[in-house]
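Working notes, structure below.
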Amino acid sequence: MDRKEKEQAVAELHGKLKDAKLAVLAGYRGMNVEKITALRNELRKTGTEFRVVKNTLLGIAAQGTDFAGLKDNLKGPLSLSMIGGDVAPPTKVLIDFARKNPELDIQFAWMDGRMVSRQQLDLISELPSREVLLAKLLGTLMAVPTQLVTVLSAVPRGLVQVLEATRQKKEKENH
């Protein structure tokens, strides 16, 4: 890679890091091309980019972004997963893949300008997706007015039932 190509790669990586919410760095020694391709395809479905980058280029590209602090932790060959948008589904894919394939060694992640441990990534992967959380919120918001209407309609409904019972009683007395 000549200097111009490196500058272009750094500029492209810098732009992608500015848009990312979470960056997951993992060792990939021992993984064959087939497994890396399978992981890439799974992550692509969640809108996540998985790539192998040189540590020096990543350190330079991270400057001026929320990921500037990860520069001090770049040791050995690492893969980078840049996650934008909802972080739970791609994190779940990475964690599940790492459990099935111990060659993928998730070392650390970076989010909101600070390091995220493997245990914190496990917790993130267990979160429901954004759509599920929105559906639960909508269900909760809809339950309140529904319950209010049910409570408020109980009084008139009770009155109608009492009047109907009275009407039926009077009809029986008249016959």
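Chain lettering (A, B, ...) mirrors the order of the structure tokens, residue numbering begins at 1 for each chain separately, and ligand numbering begins at 1 in order of display.
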Which residues are near Met31 of chain A? Cut-off 7 Å, only C-alpha atoms, ignore same chain within fewer than 4 positions. Put them as a short mmCIF file (atom, residue, chain, number, x, y, z; two decimals) with C-alpha atoms, in the first residue's frame.
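What follows is the written file result06.cif:
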data_model
loop_
_atom_site.label_atom_id
_atom_site.label_comp_id
_atom_site.auth_asym_id
_atom_site.auth_seq_id
_atom_site.Cartn_x
_atom_site.Cartn_y
_atom_site.Cartn_z
CA LYS A 35 -15.79 -18.26 8.65
CA ILE A 36 -14.82 -14.60 8.14
CA GLU A 103 -11.03 -18.12 17.11
#
- Message: Let's see if you can do this: from backbone DSSP, list all helix (DSSP H, G or I) residues in segment 44-93 of chain A, as a list in words.
- Response: Arg44, Lys45, Asn55, Thr56, Leu57, Leu58, Gly59, Ile60, Ala61, Ala62, Ala68, Gly69, Leu70, Lys71, Asp72, Asn73, Ala88, Pro89, Pro90, Thr91, Lys92 and Val93 of chain A
- Message: Which of segment 36-163 of chain A end up as strand (DSSP E or B) when DSSP is run on this backbone - answer as a ChimeraX atom specification?
- Response: /A:49-53,78-83,105-111,114-116
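Picture a line from atom CA of Met111 of chain A to atom CA of Gly69 of chain A; it runs 10.2 Å.
Minimum distance to Ala68 of chain A across A:Lys136, A:Lys170, A:Arg157, A:Lys18 (counting only C-alpha atoms) occurs at A:Lys18.
Every protein, DNA or RNA residue with an atom at most 12 Å from Leu57 of chain A, where only C-alpha atoms count and chain neighbours fewer than 6 positions away do not, is listed here: Met1, Arg3, Glu5, Lys6, Glu7, Gln8, Ala9, Val10, Ala11, Glu12, Leu13, His14, Gln63, Lys71, Leu74, Leu78 and Leu80 of chain A.
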Deliver the residues from the most recent selection as a file, using C-alpha atoms, as a PDB file, in the first residue's frame.
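Now in selection-v2.pdb:
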ATOM      1  CA  MET A   1       0.000   0.000   0.000  1.00  0.00           C
ATOM      2  CA  ARG A   3       1.174   6.542   0.864  1.00  0.00           C
ATOM      3  CA  GLU A   5      -3.705   4.612  -0.772  1.00  0.00           C
ATOM      4  CA  LYS A   6      -3.067   4.754   2.970  1.00  0.00           C
ATOM      5  CA  GLU A   7      -4.312   8.354   3.115  1.00  0.00           C
ATOM      6  CA  GLN A   8      -7.465   7.378   1.239  1.00  0.00           C
ATOM      7  CA  ALA A   9      -8.019   4.370   3.520  1.00  0.00           C
ATOM      8  CA  VAL A  10      -7.551   6.548   6.620  1.00  0.00           C
ATOM      9  CA  ALA A  11      -9.958   9.203   5.284  1.00  0.00           C
ATOM     10  CA  GLU A  12     -12.608   6.572   4.470  1.00  0.00           C
ATOM     11  CA  LEU A  13     -12.186   4.868   7.850  1.00  0.00           C
ATOM     12  CA  HIS A  14     -12.342   8.230   9.650  1.00  0.00           C
ATOM     13  CA  GLN A  63      -8.289  10.832  15.843  1.00  0.00           C
ATOM     14  CA  LYS A  71      -5.539   3.935  19.875  1.00  0.00           C
ATOM     15  CA  LEU A  74      -4.410  -1.633  19.508  1.00  0.00           C
ATOM     16  CA  LEU A  78      -7.443  -7.040  15.012  1.00  0.00           C
ATOM     17  CA  LEU A  80     -13.005  -3.959  13.440  1.00  0.00           C
TER      18      LEU A  80
END
- Taken to one decimal, the atom CA of Leu17 of chain A-atom CA of Gly59 of chain A distance is 11.2 Å
- Message: Please list as a PyMOL selection string every residue within 10 Å of Asn101 of chain A, counting only C-alpha atoms and excluding residues in the same chain fewer than 4 positions away.
- Response: chain A and resi 28+30-31+35+95-97+105
Create the file for the chosen residues now, containing N, CA and C atoms and written as a PDB file, in the first residue's frame.
ATOM      1  N   TYR A  28      -8.647 -12.370  15.358  1.00  0.00           N
ATOM      2  CA  TYR A  28      -9.240 -13.318  14.419  1.00  0.00           C
ATOM      3  C   TYR A  28      -8.262 -14.409  14.012  1.00  0.00           C
ATOM      4  N   GLY A  30      -6.551 -17.745  13.376  1.00  0.00           N
ATOM      5  CA  GLY A  30      -7.085 -19.098  13.266  1.00  0.00           C
ATOM      6  C   GLY A  30      -8.393 -19.184  12.508  1.00  0.00           C
ATOM      7  N   MET A  31      -8.997 -18.053  12.194  1.00  0.00           N
ATOM      8  CA  MET A  31     -10.250 -18.078  11.429  1.00  0.00           C
ATOM      9  C   MET A  31      -9.928 -18.203   9.947  1.00  0.00           C
ATOM     10  N   LYS A  35     -15.172 -18.746   7.413  1.00  0.00           N
ATOM     11  CA  LYS A  35     -15.794 -18.256   8.649  1.00  0.00           C
ATOM     12  C   LYS A  35     -15.871 -16.728   8.655  1.00  0.00           C
ATOM     13  N   ILE A  95     -21.410 -11.711  19.482  1.00  0.00           N
ATOM     14  CA  ILE A  95     -21.265 -12.529  20.688  1.00  0.00           C
ATOM     15  C   ILE A  95     -21.603 -13.990  20.384  1.00  0.00           C
ATOM     16  N   ASP A  96     -22.702 -14.222  19.670  1.00  0.00           N
ATOM     17  CA  ASP A  96     -23.094 -15.592  19.328  1.00  0.00           C
ATOM     18  C   ASP A  96     -22.040 -16.261  18.446  1.00  0.00           C
ATOM     19  N   PHE A  97     -21.516 -15.523  17.477  1.00  0.00           N
ATOM     20  CA  PHE A  97     -20.495 -16.076  16.589  1.00  0.00           C
ATOM     21  C   PHE A  97     -19.236 -16.409  17.383  1.00  0.00           C
ATOM     22  N   ASP A 105     -11.832 -13.688  18.944  1.00  0.00           N
ATOM     23  CA  ASP A 105     -11.571 -13.291  20.329  1.00  0.00           C
ATOM     24  C   ASP A 105     -11.928 -11.815  20.501  1.00  0.00           C
TER      25      ASP A 105
END
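Checking A:Thr65, A:Asn55, A:Ser125, A:Gln120 one by one against Asp86 of chain A, counting only C-alpha atoms, you find the shortest gap at A:Ser125.
Counting only C-alpha atoms, the residue from A:Ile106, A:Val33, A:Met82, A:Ala20 that sits nearest to Glu49 of chain A is A:Met82.
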